[in-house]
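The structure appears below as structure tokens.
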Amino acid sequence: MATQISPASGRDKFVGSAQNRVDGPAKVTGLAKYAGEFTSENLAHGYVVSSAITKGRITAIDSAAAEAVPGVLKVITHENRPSVAGEAEAYQDMVAPPGAPFRALYDETIAFSGQPVALVVAEDFDTARHAASLVKVSYEAQTPHTDIAALQDQSYDPPEKRGGIKTPPKPWGDASAAFDGAPIKVSEQYRIAHEHHNPMEPHASTVVVEDDGTYTVYDKIQGVANTQMYLTNAFGLKPEQVRCLNPYLGGGFGCGLRPQYQLFLAMLAAQDLGRSVRVVLTRDQMWSFTYRPGAIQTVSLGAEKNGVLQSLKHDALHGTSQFEDYQENVVNWSGILYRCDNVELTYRLSKLDTATPGDMRAPGAVTGMFALETAMDELAYATRIDPIQLRITNYTDTDPVEEKPYGSKALKDCFVQGAERFGWAKRTPEPRSMRDGKELVGWGMACGIWEALMMESSAKVTLTADGRLEVGNSTGDIGTGTYTILTQIAADALGLPMDHVTTKLGDTDLAKAPVAGGSWTAASSGTAVMKACRNVAEQAFKLARGLEGSPLANVDFDRIVFSKGRIEAAGDPSRGVALTDVLKASGQDRIEATETANPDKDFAKKYEAYTHSAVFAEVKIDEDLGIVRVTRIVSAIAAGKILNTKTARSQIMGAVVMGIGSALHEESMLDHRLGRFMNRNLGEYHVPSNADIHDIDVIFVEEEDKANPLGVKGVGEIGIVGTAAAISNAVFHATGKRIRDLPITVDKILAA
Amino acid sequence: MNRFDYVRPTTVAEAIQALGSDASARFIAGGTNLVDLMKYNVEKPGRLIDITRLPLGGIAEHEGGLRIGTLVSNADLAYDARIQTRYPLLSSALLAGASAQLRNAASTGGNLNQRTRCYYFYDEGTPCNKREPGSGCPAIGGVNRIHAIFGASEACIATNPSDMCVALAALEATVQVTGPDGDRAIAFADYHRLPGDDPSKDNSLKPGEIVLSVDLPARDYGQHHTYLKLRDRLSYAFALVSVAAALELDGRTIKTARLALGGVAHKPWRNVEAEALLQGKPATRESFQAAADLIVAEAKPQSENGFKIELARRAIVRGLEQAAAGTPQNQSDKRIQ
Amino acid sequence: MENAMLIDSGSSGAHAKIGITLTINGEKREIEVAPWTTLLDLLRERLDLTGTKKGCDHGQCGACTVLVNGTRINSCLALAVMKDGAEITTVEGLAGMAQRQGTNTLHPIQEAFVEHDAFQCGYCTPGQLCSSVGLMNEGHAKTREEIREAMSGNICRCGAYTNIIDAIEDVMQGAAR
């Protein structure tokens with residue numbers, strides 16, 4: 001079991017409550033600076049020229065006209081770039097999948113549409129952009145292959161597995177025979193479109209060349225440690241030569257996990273020109289790297305008439321690039337959410353002429369759970385069993401793959417509380433049985449599941465003579481509220497008001513922490529902060545007890561509390577001393593501690609840790625015209641302890657919005673003849689607008705978990721998982737039409 | 001964005017003179033479409049003529065109708081009390097389009113002349129007959145769910161993206177222009193053109209001409225009208241299909257019907273035969289279906305947009321129902337009336 | 001010609017800048033700009049007013065929304081030279097607006113955004129804020145549905161939409177009291 005680290009204040013005052021974001025004032029006044037907004041003397045601006053073809057090679061680049069524009073410093077191409085690391089391994093970042101990462105301007109080969117082929121560096125942005133339009137690139141093009149459906153017969157089991165990603169378990173039982181023998185069968189194909197993350201902030205990097213020749217790099221990344229590792233390897237630099245920062249990130253959702261090519265190009269140009277360089281990608285260029293890969297899946301469920309699952313098969317195929325085997329966990333969820341004696345899970349990739357896809361909010365789970373939870377709804381109709389009851393019938397409190405109990409799983413509470421809030425009991429199950437004027441009304445539900453992860457993470461905590469606390473590590477606050485929750489944890493740990501605590505993040509000079517992703521940041525950085533605070537508290541107490549005439553002379557550490565900036569004997573506030581006096585009297589200007597937190601191996605040996613959800617959706621669909629409105633979502637979440645009910649609620653609401661986008665709107669459309677995404681802009685790649693979003697009700701059910709001392713499981717991804725299935729199930733309930741192909745656009749509703 | 005000269009005339013004569021015979025010169029007012037296209041290198045004007053200081057604003061009474069200056073912003077037009085009272089169809093169409101910010105900036109003349117949202121037109125990495133005449137049309141057989149079902153050619157299947165123009169087509173507005181050869185009035189139906197074999201031309205403006213105003217006739221269809229816009233999300237998206245319906249009723253009998261469709265053709269799509277068919281008929285679903293059937297009978301699908309034919313058929317019927325019932329589509333309440 | 005037409009020969013190169021006057025957040029500034037510089041790029045690249053964000057640069061996200069003479073527009077699609085003589089308010093100036101109105105250190109909408117957690121990553125936030133103020137200046141949107149529609153020109157990928165509407169309603173109700 002995890003060592004229980006209780007806050008030295010003896011109680012949670014801020015943790016578990018609704019607190020405003022501590023970075024709120026900076027963000028509403030425009031003072032929060034993002035990677036492309038830092039500047040320096042003599043800053044040059046780079047603009048990327050993107051490939052017009054998808055596959056082939058560059059035969060010539062004519063930069064003369066661009067270079068002739070006054071203010072242009074250089075046009076960097078594969079022909080004239082400075083020397084960089086030659087071996088592909090040097091470009092592998094912390095979360096790179098197996099393969100040889102893309103290397104910008106490395107040679108004449110074109111491997112995907114929009115690949116950078118030149119960087120125009122100029123004195124100002126306008127000049128760089130104008131000159132970029134004058135660079136003439138000639139190509140020898142080959143026929144691209146980007147249609148996953150056409151490449152199904154060339155699929156393969158990735159030979160090298162991606163670290164940290166679960167591979168499909170060995171089948172158990174005999175799923176095919178059990179399916180054949182089952183009285184009730186559902187077997188269907190499900191599809192999801194390619195999606196691009198499209199955070200509001202385009203990717204940007206500013207590389208500042210310092211007077212001493214070192215670099216200060218502001219990068220759009222979900223963890224600056226990854227930026228530093230990438231740059232040191234690719235450019236043969238030492239970590240002390242490259243300080244990387246990213247105090248604010250304008251949205252990541254996974255596309256900021258890996259360093260992207262604008263970082264490489266900015267450093268390349270900075271080294272080449274010996275001056276500071278900023279490179280910002282255009283929105284169009286945001287389609288030239290990672291994306292959630294569209295997938296083709298088949299789910300086959302065999303069940304008894306009473307709904308008990310007899311057979312479960314889930315097969316998934318998605319694309320990857322020609323040069324890396326991106327992998328995500330699409331099918332494993334189907335093996336652990338329900339109990340079934342005959343299970344077969346398979347997962348394959350096909351090579352496409354695109355950039356390497358990547359993690360996008362709840363990678364794999366969004367895809368896989370759409371298929372599984374839609375199939376479960378189909379089974380509910382086939383068996384005429386209520387969808388919630390069907391899920392309870394097949395419920396499991398142990399992980400059937402690992403054969404270990406879940407450390408906690410309050411999914412049944414999600415069903416009960418979610419159904420109650422939604423009014424599920426009033427649902428008439430027959431399709432097309434509920435209406436409101438000209439609109440058909442549909443109510444659907446689905447489950448969500450995501451891993452509760454923790455990664456090794458350090459944090460440094462410093463108590464200064466003025467009684468203030470500084471907390472920090474290198475992870476990023478990607479909009480998730482990390483600044484705020486770490487401030488809450490630290491304030492409670494040392495009995496300080498929150499405004500006495502300053503949290504610093506996103507700087508490689510701070511204690512090392514992993515990238516922010518996987519919903520692991522609260523558990524990882526939170527625990528590290530808690531441990532470091534405990535260390536500081538113990539040091540402060542030792543100093544206090546050692547003071548001449550100390551009122552705490554005979555008190556043990558477990559008999560004191562930290563409260564309102566003082567160390568006091570429990571139950572006797574008169575026996576105490578102010579922290580500022582402790583430091584003053586002991587002649588110290590600070591007490592500091594750096595601690596590293598690791599996942600609890602003992603816990604992991606005995607238990608599995610997942611978050612769960614039950615999502616309920618109401619849609620209203622014009623009967624004639626097929627226009628869908630998602631009028632209500634209730635998302636009941638079991639995610640352990642909720643550190644900040646305000647910011648956590650926002651996390652879930654935001655994930656639900658992205659889930660609505662996935663269900664109804666989002667699709668990067670490829671012209672397979674060109675191998676090119678065609679709707680590369682926010683006007684034609686539709687993400688939900690304000691008018692698309694109605695009521696979203698978030699419930700956090702109580703769940704005690706002991707995987708880490710905080711009892712947190714993370715809330716970044718769980719809110720999106722299952723949302724699309726709940727909506728597609730509601731669409732079926734409304735219309736009687738089962739649409740197994742996301743997004744559910746009006747053409748599919750009319751055609752079904 | 002390319003380099004260009006910038007000129008800021010203060011009279012129409014200066015503006016026309018500045019345009020001269022320079023084919024690469026462009027007028028700019030709101031800039032919401034032109035600057036957008038310049039950043040994609042689709043438009044590369046050698047000279048920009050800023051017409052925002054010309055005396056071409058304001059809305060005035062004109063021959064029983066209203067004269068809308070070319071510089072009137074989409075927002076000012078939509079919220080003008082006379083427009084809201086007398087031409088609610090136009091107000092509604094404007095409010096169905098773009099965003100509040102864009103409507104604040106975009107001008108009437110600019111909206112009239114806005115260019116297609118065809119993906120290929122916007123992508124200088126692909127051929128496009130509208131952008132580069134003779135280079136081809138990859139939208140045919142490509143990604144074309146947003147493309148035309150009426151009036152397309154083998155050279156171009158792009159659509160006109162305007163909402164405002166669909167309403168103006170139904171209202172039978174007139175476009176007043178002036179140029180080197182003097183003033184002329186263009187009936188709205190003749191203003192935009194079909195692509196034919198020269199899709200580079202969106203409209204019938206001659207070289208050197210400038211739009212002065214859009215004139216609304218006295219007949220305003222203030223009672224029975226609707227603008228129904230169907231799209232891939234509920235706001236801030238271009239129409240897959242839109243319908244501007246305007247009726248004059250005598251009891252339950254249709255005296256006059258005007259109908260224009262958006263998002264389906266290179267110009268706001270009208271079918272005068274269908275309008276004539278409705279005349280004298282009872283305002284019933286059967287009449288509306290007959291008109292809708294007549295209109296979609298000449299529709300031709302592309303590889304991915306066949307659904308638009310059925311969607312258009314149904315939208316026409318609903319739009320006429322809304323208009324007849326006097327319950328026009330509310331542009332904030334996304335429930336379809 | 002009565003008024004000499006302002007003519008710039010931009011194609012002649014780097015010297016082709018035009019003097020304009022803008023009042024930005026209450027401060028009158030004489031600025032030389034190239035005709036192709038957008039208001040957004042002028043603010044961000046030249047004047048270090050990076051509060052106004054570039055999300056798409058094509059009028060499709062609203063992150064660049066500023067107030068020009070009190071009206072909200074997309075600054076990415078406005079050429080700075082065409083705004084000669086205008087009053088510009090950016091997110092950096094909203095607090096100043098509140099101070100001039102004698103209300104508080106933050107504009108009420110800024111306080112309401114913090115209180116309602118109407119943002120996460122914060123990148124669309126300056127545009128949302130300016131758009132909210134523009135919406136209230138316009139006075140057309142009154143119901144929740146109308147506010148939603150009138151705020152649909154501001155995309156928030158973090159999905160804070162309902163909190164944004166809560167914040168605006170809060171301020172509108174406060175103003176009505």
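How things are named: the first chain in the structure tokens is A, the next is B, and so on; residues count from 1 in each chain; ligands count from 1 in the order shown.
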Point to revise | Interface, chain C side, toward chain A (7 Å; only C-alpha atoms) as a ChimeraX atom specification | key: /C:14,37,50-51,55-56,60-61,91-92,110,114-115,117,120-126,148-149,151-152,155,157-161
Emit the selected residues as a PDB file, in the first residue's frame, including N, CA and C atoms.
```pdb
ATOM      1  N   ALA C  14      11.080  47.769 -49.154  1.00  0.00           N
ATOM      2  CA  ALA C  14      11.038  47.818 -47.697  1.00  0.00           C
ATOM      3  C   ALA C  14      10.664  49.182 -47.146  1.00  0.00           C
ATOM      4  N   THR C  37       0.383  44.533 -43.468  1.00  0.00           N
ATOM      5  CA  THR C  37       0.394  44.094 -42.070  1.00  0.00           C
ATOM      6  C   THR C  37      -1.024  44.124 -41.509  1.00  0.00           C
ATOM      7  N   THR C  50       0.630  40.863 -27.040  1.00  0.00           N
ATOM      8  CA  THR C  50       0.407  39.471 -27.449  1.00  0.00           C
ATOM      9  C   THR C  50      -0.831  38.870 -26.790  1.00  0.00           C
ATOM     10  N   GLY C  51      -1.547  39.678 -26.017  1.00  0.00           N
ATOM     11  CA  GLY C  51      -2.801  39.172 -25.455  1.00  0.00           C
ATOM     12  C   GLY C  51      -3.780  38.766 -26.542  1.00  0.00           C
ATOM     13  N   GLY C  55      -5.192  32.335 -33.780  1.00  0.00           N
ATOM     14  CA  GLY C  55      -5.593  30.925 -33.733  1.00  0.00           C
ATOM     15  C   GLY C  55      -5.644  30.312 -35.114  1.00  0.00           C
ATOM     16  N   CYS C  56      -6.195  31.045 -36.074  1.00  0.00           N
ATOM     17  CA  CYS C  56      -6.318  30.479 -37.420  1.00  0.00           C
ATOM     18  C   CYS C  56      -5.821  31.444 -38.481  1.00  0.00           C
ATOM     19  N   GLN C  60     -11.757  32.269 -38.739  1.00  0.00           N
ATOM     20  CA  GLN C  60     -12.543  31.064 -38.516  1.00  0.00           C
ATOM     21  C   GLN C  60     -12.503  30.565 -37.074  1.00  0.00           C
ATOM     22  N   CYS C  61     -11.899  31.365 -36.171  1.00  0.00           N
ATOM     23  CA  CYS C  61     -11.855  30.909 -34.779  1.00  0.00           C
ATOM     24  C   CYS C  61     -12.167  31.994 -33.766  1.00  0.00           C
ATOM     25  N   VAL C  91      -7.512  42.872 -25.161  1.00  0.00           N
ATOM     26  CA  VAL C  91      -7.714  42.298 -23.828  1.00  0.00           C
ATOM     27  C   VAL C  91      -6.887  43.042 -22.780  1.00  0.00           C
ATOM     28  N   GLU C  92      -5.724  43.537 -23.200  1.00  0.00           N
ATOM     29  CA  GLU C  92      -4.887  44.269 -22.247  1.00  0.00           C
ATOM     30  C   GLU C  92      -5.562  45.560 -21.805  1.00  0.00           C
ATOM     31  N   GLN C 110     -14.015  39.917 -17.074  1.00  0.00           N
ATOM     32  CA  GLN C 110     -12.795  39.174 -16.720  1.00  0.00           C
ATOM     33  C   GLN C 110     -12.993  38.460 -15.378  1.00  0.00           C
ATOM     34  N   VAL C 114     -13.131  34.252 -14.629  1.00  0.00           N
ATOM     35  CA  VAL C 114     -12.359  33.534 -13.606  1.00  0.00           C
ATOM     36  C   VAL C 114     -13.312  32.779 -12.684  1.00  0.00           C
ATOM     37  N   GLU C 115     -14.348  33.463 -12.249  1.00  0.00           N
ATOM     38  CA  GLU C 115     -15.277  32.869 -11.280  1.00  0.00           C
ATOM     39  C   GLU C 115     -16.005  31.650 -11.877  1.00  0.00           C
ATOM     40  N   ASP C 117     -14.927  29.771 -14.315  1.00  0.00           N
ATOM     41  CA  ASP C 117     -13.968  28.871 -14.956  1.00  0.00           C
ATOM     42  C   ASP C 117     -14.261  28.758 -16.451  1.00  0.00           C
ATOM     43  N   GLN C 120      -9.837  27.144 -20.117  1.00  0.00           N
ATOM     44  CA  GLN C 120      -8.886  26.178 -19.587  1.00  0.00           C
ATOM     45  C   GLN C 120      -7.485  26.572 -20.037  1.00  0.00           C
ATOM     46  N   CYS C 121      -7.178  26.316 -21.314  1.00  0.00           N
ATOM     47  CA  CYS C 121      -5.823  26.666 -21.747  1.00  0.00           C
ATOM     48  C   CYS C 121      -5.632  28.178 -21.829  1.00  0.00           C
ATOM     49  N   GLY C 122      -6.700  28.918 -22.018  1.00  0.00           N
ATOM     50  CA  GLY C 122      -6.621  30.379 -22.002  1.00  0.00           C
ATOM     51  C   GLY C 122      -6.321  31.019 -23.333  1.00  0.00           C
ATOM     52  N   TYR C 123      -6.121  30.220 -24.374  1.00  0.00           N
ATOM     53  CA  TYR C 123      -5.675  30.814 -25.632  1.00  0.00           C
ATOM     54  C   TYR C 123      -6.819  31.500 -26.393  1.00  0.00           C
ATOM     55  N   CYS C 124      -8.016  30.978 -26.289  1.00  0.00           N
ATOM     56  CA  CYS C 124      -9.138  31.644 -26.962  1.00  0.00           C
ATOM     57  C   CYS C 124      -9.704  32.764 -26.099  1.00  0.00           C
ATOM     58  N   THR C 125      -9.265  32.814 -24.837  1.00  0.00           N
ATOM     59  CA  THR C 125      -9.913  33.658 -23.829  1.00  0.00           C
ATOM     60  C   THR C 125      -9.916  35.151 -24.167  1.00  0.00           C
ATOM     61  N   PRO C 126      -8.799  35.737 -24.572  1.00  0.00           N
ATOM     62  CA  PRO C 126      -8.855  37.166 -24.905  1.00  0.00           C
ATOM     63  C   PRO C 126      -9.894  37.476 -25.976  1.00  0.00           C
ATOM     64  N   ARG C 148     -25.573  32.342 -26.960  1.00  0.00           N
ATOM     65  CA  ARG C 148     -24.824  31.210 -27.533  1.00  0.00           C
ATOM     66  C   ARG C 148     -24.546  31.429 -29.007  1.00  0.00           C
ATOM     67  N   GLU C 149     -25.597  31.807 -29.730  1.00  0.00           N
ATOM     68  CA  GLU C 149     -25.435  32.029 -31.164  1.00  0.00           C
ATOM     69  C   GLU C 149     -24.474  33.201 -31.419  1.00  0.00           C
ATOM     70  N   MET C 151     -22.109  34.203 -29.656  1.00  0.00           N
ATOM     71  CA  MET C 151     -20.732  33.882 -29.258  1.00  0.00           C
ATOM     72  C   MET C 151     -20.159  32.739 -30.098  1.00  0.00           C
ATOM     73  N   SER C 152     -20.874  32.331 -31.113  1.00  0.00           N
ATOM     74  CA  SER C 152     -20.407  31.174 -31.887  1.00  0.00           C
ATOM     75  C   SER C 152     -19.265  31.498 -32.827  1.00  0.00           C
ATOM     76  N   ILE C 155     -14.330  30.057 -31.226  1.00  0.00           N
ATOM     77  CA  ILE C 155     -14.167  28.628 -30.981  1.00  0.00           C
ATOM     78  C   ILE C 155     -13.325  28.422 -29.717  1.00  0.00           C
ATOM     79  N   ARG C 157     -11.569  25.201 -28.038  1.00  0.00           N
ATOM     80  CA  ARG C 157     -11.312  23.771 -28.211  1.00  0.00           C
ATOM     81  C   ARG C 157     -11.313  23.046 -26.872  1.00  0.00           C
ATOM     82  N   CYS C 158     -11.058  23.771 -25.792  1.00  0.00           N
ATOM     83  CA  CYS C 158     -11.147  23.144 -24.467  1.00  0.00           C
ATOM     84  C   CYS C 158     -12.604  22.894 -24.083  1.00  0.00           C
ATOM     85  N   GLY C 159     -13.521  23.526 -24.783  1.00  0.00           N
ATOM     86  CA  GLY C 159     -14.938  23.246 -24.551  1.00  0.00           C
ATOM     87  C   GLY C 159     -15.522  23.921 -23.329  1.00  0.00           C
ATOM     88  N   ALA C 160     -15.134  25.159 -23.085  1.00  0.00           N
ATOM     89  CA  ALA C 160     -15.644  25.888 -21.902  1.00  0.00           C
ATOM     90  C   ALA C 160     -16.945  26.628 -22.201  1.00  0.00           C
ATOM     91  N   TYR C 161     -17.615  26.250 -23.289  1.00  0.00           N
ATOM     92  CA  TYR C 161     -18.730  27.045 -23.790  1.00  0.00           C
ATOM     93  C   TYR C 161     -19.795  27.376 -22.742  1.00  0.00           C
TER      94      TYR C 161
END
```
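Within 7 Å of chain A, counting only C-alpha atoms, chain B contributes Met1, Asn2, Tyr119, Gly125, Gly142, Val143, Asp232, Arg233, Leu234, Ser235, Ala237, Phe307, Leu311, Arg314, Ala315 and Ile336 of chain B.
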Check your understanding: How far is it from CA of Trp443 in chain A to CA of Ala617 in chain A, in Å with one decimal?
Key ->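 A separation of 5.7 Å between them.
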Kindly provide, as a PDB file with C-alpha atoms, in the first residue's frame, the residues of chain B having any atom no farther than 7 Å from an atom of chain C, counting only C-alpha atoms.
```pdb
ATOM      1  CA  ARG B   3       3.349  42.873 -51.860  1.00  0.00           C
ATOM      2  CA  PHE B   4       0.930  45.434 -53.233  1.00  0.00           C
ATOM      3  CA  ASP B   5       0.263  49.113 -53.621  1.00  0.00           C
ATOM      4  CA  TYR B   6      -2.286  50.611 -51.304  1.00  0.00           C
ATOM      5  CA  VAL B   7      -4.599  53.346 -52.438  1.00  0.00           C
ATOM      6  CA  ARG B   8      -7.260  55.094 -50.419  1.00  0.00           C
ATOM      7  CA  PRO B   9      -9.507  57.169 -52.655  1.00  0.00           C
ATOM      8  CA  THR B  10     -12.244  59.380 -51.293  1.00  0.00           C
ATOM      9  CA  GLY B  31     -11.506  42.440 -46.216  1.00  0.00           C
ATOM     10  CA  THR B  32     -12.995  39.358 -44.591  1.00  0.00           C
ATOM     11  CA  VAL B  35      -7.432  39.141 -46.931  1.00  0.00           C
ATOM     12  CA  ASP B  36      -8.284  35.512 -46.194  1.00  0.00           C
ATOM     13  CA  SER B  99     -20.146  35.169 -37.076  1.00  0.00           C
ATOM     14  CA  ALA B 100     -20.956  38.410 -35.301  1.00  0.00           C
ATOM     15  CA  GLN B 101     -17.361  39.572 -35.779  1.00  0.00           C
ATOM     16  CA  LEU B 102     -17.353  38.845 -39.487  1.00  0.00           C
ATOM     17  CA  ASN B 104     -19.440  43.595 -38.243  1.00  0.00           C
ATOM     18  CA  ALA B 105     -16.615  43.853 -40.760  1.00  0.00           C
ATOM     19  CA  SER B 235     -23.584  27.897 -36.280  1.00  0.00           C
ATOM     20  CA  TYR B 236     -20.526  29.420 -37.953  1.00  0.00           C
ATOM     21  CA  SER B 332     -30.732  31.592 -32.556  1.00  0.00           C
ATOM     22  CA  ASP B 333     -33.120  28.808 -31.648  1.00  0.00           C
TER      23      ASP B 333
END
```
